[in-house]
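**Student:** One structure follows; several queries about it will come next.
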Amino acid sequence: MGRVGIVTGGARGIGAAITSLLAEDGASVVVMGLPPDRERTEALRASLNGAAKRVHFREGNVAHYDVCKGIADEVRAQYGQIDFLVNNAGITADHTIRNMTVEEWQAVLAVNLSGPFFMTKAVLEHMVERNYGRIVNISSVVGHTGNFGQANYASAKAGVMGLTKTVALEVASRGITVNAVAPGFINTDMVAAMPKAAVEAAIQKSPERRLGQPEEVARVVRFLLDESSGYITGAVYDVNGGLYM
Amino acid sequence: MLKGRVAIVTGGTRGIGGAISSLLAKDGAHVAAGYSKGEETARKFKEGLEKGGSSISVHQGRVDDPTDCQRVVQEVIDKFGRVDFLINNAGITIDKTVRKMNADEWHQVLAVNLFGAFHMTKAVLEHMIERGSGRIVNISSVIGETGNIGQANYAASKAGLFGFSKSLALEMAQRGITVNCVAPGFIETEMVAAIPKAALDKVIERIPQRRLGKPDEVARLVRFLIDDDSSYVTGAVYTVNGGLDM
């Protein structure tokens, strides 16, 4: 693909699958993540053979605009271009609203919703100048449905859909597409961290009776990032085994 | 690659359907393209693809006639051994405001666009269930999401496909069969070319990207959804509309 882009949270879970698929497809991928993601990125590179040289790590928290801008500018300076951005970084801090602290609310919104806004803002002028760009935001089925104990996460992920559509409208005539992918319950550390009974219940509720694999989400992202997907913008593509229709 | 696979594409010799047939055939599938009228067009389409080395057959039949649907599906299974993919693409328009639309105009559009998908699905479903795998993609429309002046019948039929797809997706979720909708915006086809120029210009003004889509831009989305690796995508509506539905 020969393209250059950033995948936030690209060292683990769905993000790692996205990084791998894009790198194997010839793209240069800058993984943006927190300090422990440096080692995870190394491990990911080790699994990639020839594509490893196209994967690089930048440490930074998407919850801070200055950090986002700094990394975007660095990537642009080093590679000369940013063709795509995948806003994948996300956290959970699950509690029912009665038990959720203001800090837990703010932390999840900051990473999962403000993060995509900051990163988008950090790359957008460059993409507008080049009249080309692909932005994919990773939302969640929970953004459609809500979920017990996830008021913060569900709000952030629903918010991502609103952000996606608005940015899509604002840059529609600039060669830039902006779309969201909304996965169901995917076999990642995040889902593994859920109580076993809750995962079992999620599987039972899922029409296909299984968790998805990170690669099944990654290929939807890959599809949307393709140059030929230029007529798809402002869309939310679900990949959830039928969990939400 | 789709070598050894068999696809049925209704309305598969023209417009979006033609682009879908071409893409799947180029990717190695045998494509059985359905058509109701336009035998000459169908024959030329078939010859064109065969010259390119593709495996293609064309089948005359009306999707609003269950007997035709069963006959064509049986023809395809008899000759090509299997049906892996069903693309319910055949569609017609008869545009009038509701005040002027008669019951016959209502029925005709529903019969082809919505009942047709039901009849074709019925005709292939037992076969797919027996094989434990299948991909059904229904071509809906942005109009199914938004409605459109003068298209009550078309909009109802296309919105109806959403409900049909999702119900079928639920029923088939544990049988290896996925069912999804693709909802195109305004695409450069004969159907759109039939819109008066002034009206079409107004439509384009409303599209955030200020252009019509190309049939190939829809076809590649269909190709993506029928892939073996897309098995976790079911009951979904994938839009491709230049931002029109926001």
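Identifiers in the structure tokens: chain A, B, ... in order shown; residue index from 1 per chain; ligand index from 1 in order shown.
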Against chain A, which residues of chain B fall within 6 Å? For each one I want the closest pair of atoms and the distance in Å (one decimal), counting only C-alpha atoms, rows by chain and increasing residue number, as a Markdown table.

**Tutor:**
| residue | atom | partner | partner_atom | distance |
| --- | --- | --- | --- | --- |
| B:Ala173 | CA | A:Glu208 | CA | 4.9 |
| B:Gln174 | CA | A:Glu208 | CA | 5.2 |
| B:Pro208 | CA | A:Ala172 | CA | 5.4 |
| B:Gln209 | CA | A:Ala172 | CA | 4.9 |
| B:Tyr232 | CA | A:Gly241 | CA | 4.4 |
| B:Val233 | CA | A:Val239 | CA | 4.6 |
| B:Thr234 | CA | A:Gly242 | CA | 5.1 |
| B:Gly235 | CA | A:Gly242 | CA | 5.3 |
| B:Ala236 | CA | A:Asp238 | CA | 5.9 |
| B:Tyr238 | CA | A:Tyr237 | CA | 5.9 |
| B:Val240 | CA | A:Ile232 | CA | 4.6 |
| B:Asn241 | CA | A:Tyr231 | CA | 6.0 |
| B:Gly242 | CA | A:Tyr231 | CA | 4.6 |
| B:Gly243 | CA | A:Thr233 | CA | 5.1 |

**Student:** Include N, CA and C atoms and write out the residues we just selected as an mmCIF file, in the first residue's frame.

**Tutor:**
data_model
loop_
_atom_site.group_PDB
_atom_site.id
_atom_site.type_symbol
_atom_site.label_atom_id
_atom_site.label_comp_id
_atom_site.auth_asym_id
_atom_site.auth_seq_id
_atom_site.Cartn_x
_atom_site.Cartn_y
_atom_site.Cartn_z
ATOM 1 N N ALA B 173 -27.741 -17.096 11.960
ATOM 2 C CA ALA B 173 -26.461 -16.734 12.602
ATOM 3 C C ALA B 173 -25.632 -17.938 13.021
ATOM 4 N N GLN B 174 -26.275 -19.037 13.329
ATOM 5 C CA GLN B 174 -25.503 -20.203 13.772
ATOM 6 C C GLN B 174 -25.369 -21.257 12.692
ATOM 7 N N PRO B 208 -22.462 15.394 0.208
ATOM 8 C CA PRO B 208 -21.293 16.101 0.741
ATOM 9 C C PRO B 208 -20.064 16.027 -0.167
ATOM 10 N N GLN B 209 -19.852 14.928 -0.846
ATOM 11 C CA GLN B 209 -18.690 14.827 -1.741
ATOM 12 C C GLN B 209 -18.940 15.443 -3.110
ATOM 13 N N TYR B 232 -17.869 -12.584 10.677
ATOM 14 C CA TYR B 232 -18.394 -11.943 11.890
ATOM 15 C C TYR B 232 -19.235 -10.707 11.549
ATOM 16 N N VAL B 233 -19.336 -10.392 10.281
ATOM 17 C CA VAL B 233 -20.188 -9.277 9.863
ATOM 18 C C VAL B 233 -21.526 -9.855 9.408
ATOM 19 N N THR B 234 -22.553 -9.653 10.180
ATOM 20 C CA THR B 234 -23.877 -10.120 9.767
ATOM 21 C C THR B 234 -24.946 -9.201 10.339
ATOM 22 N N GLY B 235 -26.024 -9.067 9.611
ATOM 23 C CA GLY B 235 -27.098 -8.165 10.042
ATOM 24 C C GLY B 235 -26.712 -6.699 9.939
ATOM 25 N N ALA B 236 -25.637 -6.427 9.211
ATOM 26 C CA ALA B 236 -25.134 -5.052 9.138
ATOM 27 C C ALA B 236 -25.648 -4.344 7.883
ATOM 28 N N TYR B 238 -24.022 -1.671 5.394
ATOM 29 C CA TYR B 238 -22.807 -0.942 5.024
ATOM 30 C C TYR B 238 -23.186 0.085 3.951
ATOM 31 N N VAL B 240 -22.532 3.290 1.300
ATOM 32 C CA VAL B 240 -21.505 3.832 0.392
ATOM 33 C C VAL B 240 -22.191 4.919 -0.420
ATOM 34 N N ASN B 241 -22.072 6.159 0.062
ATOM 35 C CA ASN B 241 -22.949 7.203 -0.451
ATOM 36 C C ASN B 241 -22.327 8.598 -0.514
ATOM 37 N N GLY B 242 -21.022 8.681 -0.354
ATOM 38 C CA GLY B 242 -20.390 10.002 -0.406
ATOM 39 C C GLY B 242 -20.828 10.922 0.717
ATOM 40 N N GLY B 243 -21.388 10.331 1.770
ATOM 41 C CA GLY B 243 -21.773 11.118 2.945
ATOM 42 C C GLY B 243 -23.216 11.603 2.922
#

**Student:** Out of range 44-217 of chain B, which residues get helix (DSSP H, G or I) from DSSP, as a PyMOL selection string?

**Tutor:** chain B and resi 44-51+66-80+103-131+142-146+152-172+190-193+197-206+215-217

**Student:** Enumerate, as an MDAnalysis selection string, the complete set of residues in range 2-240 of chain A that a backbone-based DSSP assignment places in strand (DSSP E).

**Tutor:** chainID A and resid 4:8 28:33 55:59 84:87 133:138 176:183 236:239

**Student:** Please save C-alpha atoms of the selected residues as a compact mmCIF listing (two decimals), in the first residue's frame.

**Tutor:**
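New file result_3.txt:
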# COMPACT_ATOMS: atom_id res chain seq x y z
CA VAL A 4 1.96 6.13 6.08
CA GLY A 5 -0.26 6.41 9.08
CA ILE A 6 -0.79 6.32 12.81
CA VAL A 7 -2.65 3.68 14.79
CA THR A 8 -3.32 4.77 18.35
CA SER A 28 4.36 2.26 7.36
CA VAL A 29 2.59 2.28 10.70
CA VAL A 30 3.41 4.47 13.64
CA VAL A 31 2.03 2.89 16.78
CA MET A 32 1.14 5.47 19.37
CA GLY A 33 0.82 4.21 22.90
CA VAL A 55 6.30 -0.57 12.32
CA HIS A 56 7.52 2.13 14.68
CA PHE A 57 6.57 3.26 18.14
CA ARG A 58 5.88 6.72 19.52
CA GLU A 59 5.06 7.14 23.16
CA PHE A 84 -4.27 7.56 7.42
CA LEU A 85 -5.18 7.75 11.07
CA VAL A 86 -6.80 4.97 13.04
CA ASN A 87 -8.17 6.16 16.36
CA GLY A 133 -6.75 11.24 3.93
CA ARG A 134 -8.43 8.27 5.53
CA ILE A 135 -9.56 8.38 9.15
CA VAL A 136 -11.14 5.39 10.87
CA ASN A 137 -12.42 5.66 14.41
CA ILE A 138 -12.94 2.51 16.41
CA ILE A 176 -10.71 12.81 3.14
CA THR A 177 -13.06 10.09 4.34
CA VAL A 178 -13.94 9.59 7.98
CA ASN A 179 -15.68 6.44 9.13
CA ALA A 180 -16.29 4.45 12.27
CA VAL A 181 -16.01 0.72 12.81
CA ALA A 182 -18.15 -0.61 15.64
CA PRO A 183 -16.95 -4.02 16.83
CA VAL A 236 -20.51 3.24 10.83
CA TYR A 237 -19.58 -0.31 9.86
CA ASP A 238 -20.67 -2.90 12.41
CA VAL A 239 -18.74 -6.13 12.89

**Student:** Which polymer residues have any atom within 9 Å of an atom of Ala16 in chain A, counting only C-alpha atoms, with same-chain residues fewer than 2 positions away left out, as a list in words?

**Tutor:** Val7, Gly9, Gly10, Ala11, Arg12, Gly13, Ile14, Ile18, Thr19, Ser20, Leu21, Val31, Arg40, Thr41, Leu44, Pro214 and Ala218 of chain A

**Student:** Grab the residues selected above and save them as an mmCIF file, in the first residue's frame with N, CA and C atoms.

**Tutor:**
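Listed below is the output, out_16.cif:
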data_model
loop_
_atom_site.group_PDB
_atom_site.id
_atom_site.type_symbol
_atom_site.label_atom_id
_atom_site.label_comp_id
_atom_site.auth_asym_id
_atom_site.auth_seq_id
_atom_site.Cartn_x
_atom_site.Cartn_y
_atom_site.Cartn_z
ATOM 1 N N VAL A 7 -1.624 4.475 14.122
ATOM 2 C CA VAL A 7 -2.652 3.676 14.791
ATOM 3 C C VAL A 7 -2.483 3.886 16.288
ATOM 4 N N GLY A 9 -3.014 3.188 20.129
ATOM 5 C CA GLY A 9 -3.252 1.921 20.816
ATOM 6 C C GLY A 9 -2.975 0.739 19.905
ATOM 7 N N GLY A 10 -2.013 0.913 19.028
ATOM 8 C CA GLY A 10 -1.792 -0.067 17.969
ATOM 9 C C GLY A 10 -0.903 -1.228 18.355
ATOM 10 N N ALA A 11 -0.642 -1.395 19.645
ATOM 11 C CA ALA A 11 0.281 -2.446 20.074
ATOM 12 C C ALA A 11 -0.412 -3.635 20.700
ATOM 13 N N ARG A 12 -1.701 -3.495 20.947
ATOM 14 C CA ARG A 12 -2.395 -4.645 21.548
ATOM 15 C C ARG A 12 -3.829 -4.736 21.081
ATOM 16 N N GLY A 13 -4.403 -5.913 21.299
ATOM 17 C CA GLY A 13 -5.815 -6.136 20.981
ATOM 18 C C GLY A 13 -6.141 -5.850 19.523
ATOM 19 N N ILE A 14 -7.256 -5.198 19.313
ATOM 20 C CA ILE A 14 -7.684 -4.868 17.949
ATOM 21 C C ILE A 14 -6.629 -4.008 17.251
ATOM 22 N N ILE A 18 -4.706 -4.478 13.621
ATOM 23 C CA ILE A 18 -4.738 -3.450 12.566
ATOM 24 C C ILE A 18 -3.309 -3.125 12.125
ATOM 25 N N THR A 19 -2.436 -2.889 13.094
ATOM 26 C CA THR A 19 -1.038 -2.581 12.773
ATOM 27 C C THR A 19 -0.429 -3.685 11.911
ATOM 28 N N SER A 20 -0.621 -4.930 12.326
ATOM 29 C CA SER A 20 -0.034 -6.061 11.589
ATOM 30 C C SER A 20 -0.545 -6.115 10.158
ATOM 31 N N LEU A 21 -1.864 -6.028 10.030
ATOM 32 C CA LEU A 21 -2.461 -6.167 8.701
ATOM 33 C C LEU A 21 -1.973 -5.064 7.764
ATOM 34 N N VAL A 31 2.857 3.280 15.654
ATOM 35 C CA VAL A 31 2.025 2.892 16.779
ATOM 36 C C VAL A 31 2.181 3.950 17.856
ATOM 37 N N ARG A 40 5.390 -4.021 23.883
ATOM 38 C CA ARG A 40 4.389 -4.759 23.099
ATOM 39 C C ARG A 40 4.640 -4.566 21.612
ATOM 40 N N THR A 41 5.021 -3.350 21.239
ATOM 41 C CA THR A 41 5.304 -3.089 19.822
ATOM 42 C C THR A 41 6.501 -3.911 19.371
ATOM 43 N N LEU A 44 5.330 -7.319 18.793
ATOM 44 C CA LEU A 44 4.541 -7.344 17.559
ATOM 45 C C LEU A 44 5.472 -7.381 16.352
ATOM 46 N N PRO A 214 -9.720 -10.232 16.660
ATOM 47 C CA PRO A 214 -9.216 -8.903 16.281
ATOM 48 C C PRO A 214 -9.017 -8.756 14.770
ATOM 49 N N ALA A 218 -9.901 -5.868 12.018
ATOM 50 C CA ALA A 218 -8.801 -5.211 11.291
ATOM 51 C C ALA A 218 -9.085 -5.155 9.791
#

**Student:** Need the shell around range 88-101 of chain B: protein/DNA/RNA residues with any atom at most 7 Å away, counting only C-alpha atoms. Skip same-chain ones fewer than 3 positions apart. Format as a list in words?

**Tutor:** Val9, Thr10, Gly11, Gly17, Glu105, Trp106, Val109, Val112, Asn113, Ala117, Val137, Asn138, Ile139, Ile149, Gly150, Gln151, Ala152 and Tyr154 of chain B

**Student:** Write out as a ChimeraX atom specification the residues lying within 10 Å of Gly115 in chain A, counting only C-alpha atoms and excluding same-chain residues fewer than 2 positions away.

**Tutor:** /A:8,61-65,68,87-90,108-113,117-121,160

**Student:** With only C-alpha atoms as the counted atoms, please give the residues lying no more than 7 Å from range 51-58 of chain B, apart from itself and same-chain residues fewer than 3 positions off, as a ChimeraX atom specification.

**Tutor:** /B:25-26,30-34,42,46-48

**Student:** Would you mind telling me which residue in A:Lys69, A:Ala158, A:Thr92, A:Arg3 lies nearest to Ala107 in chain A when using only C-alpha atoms?

**Tutor:** A:Thr92
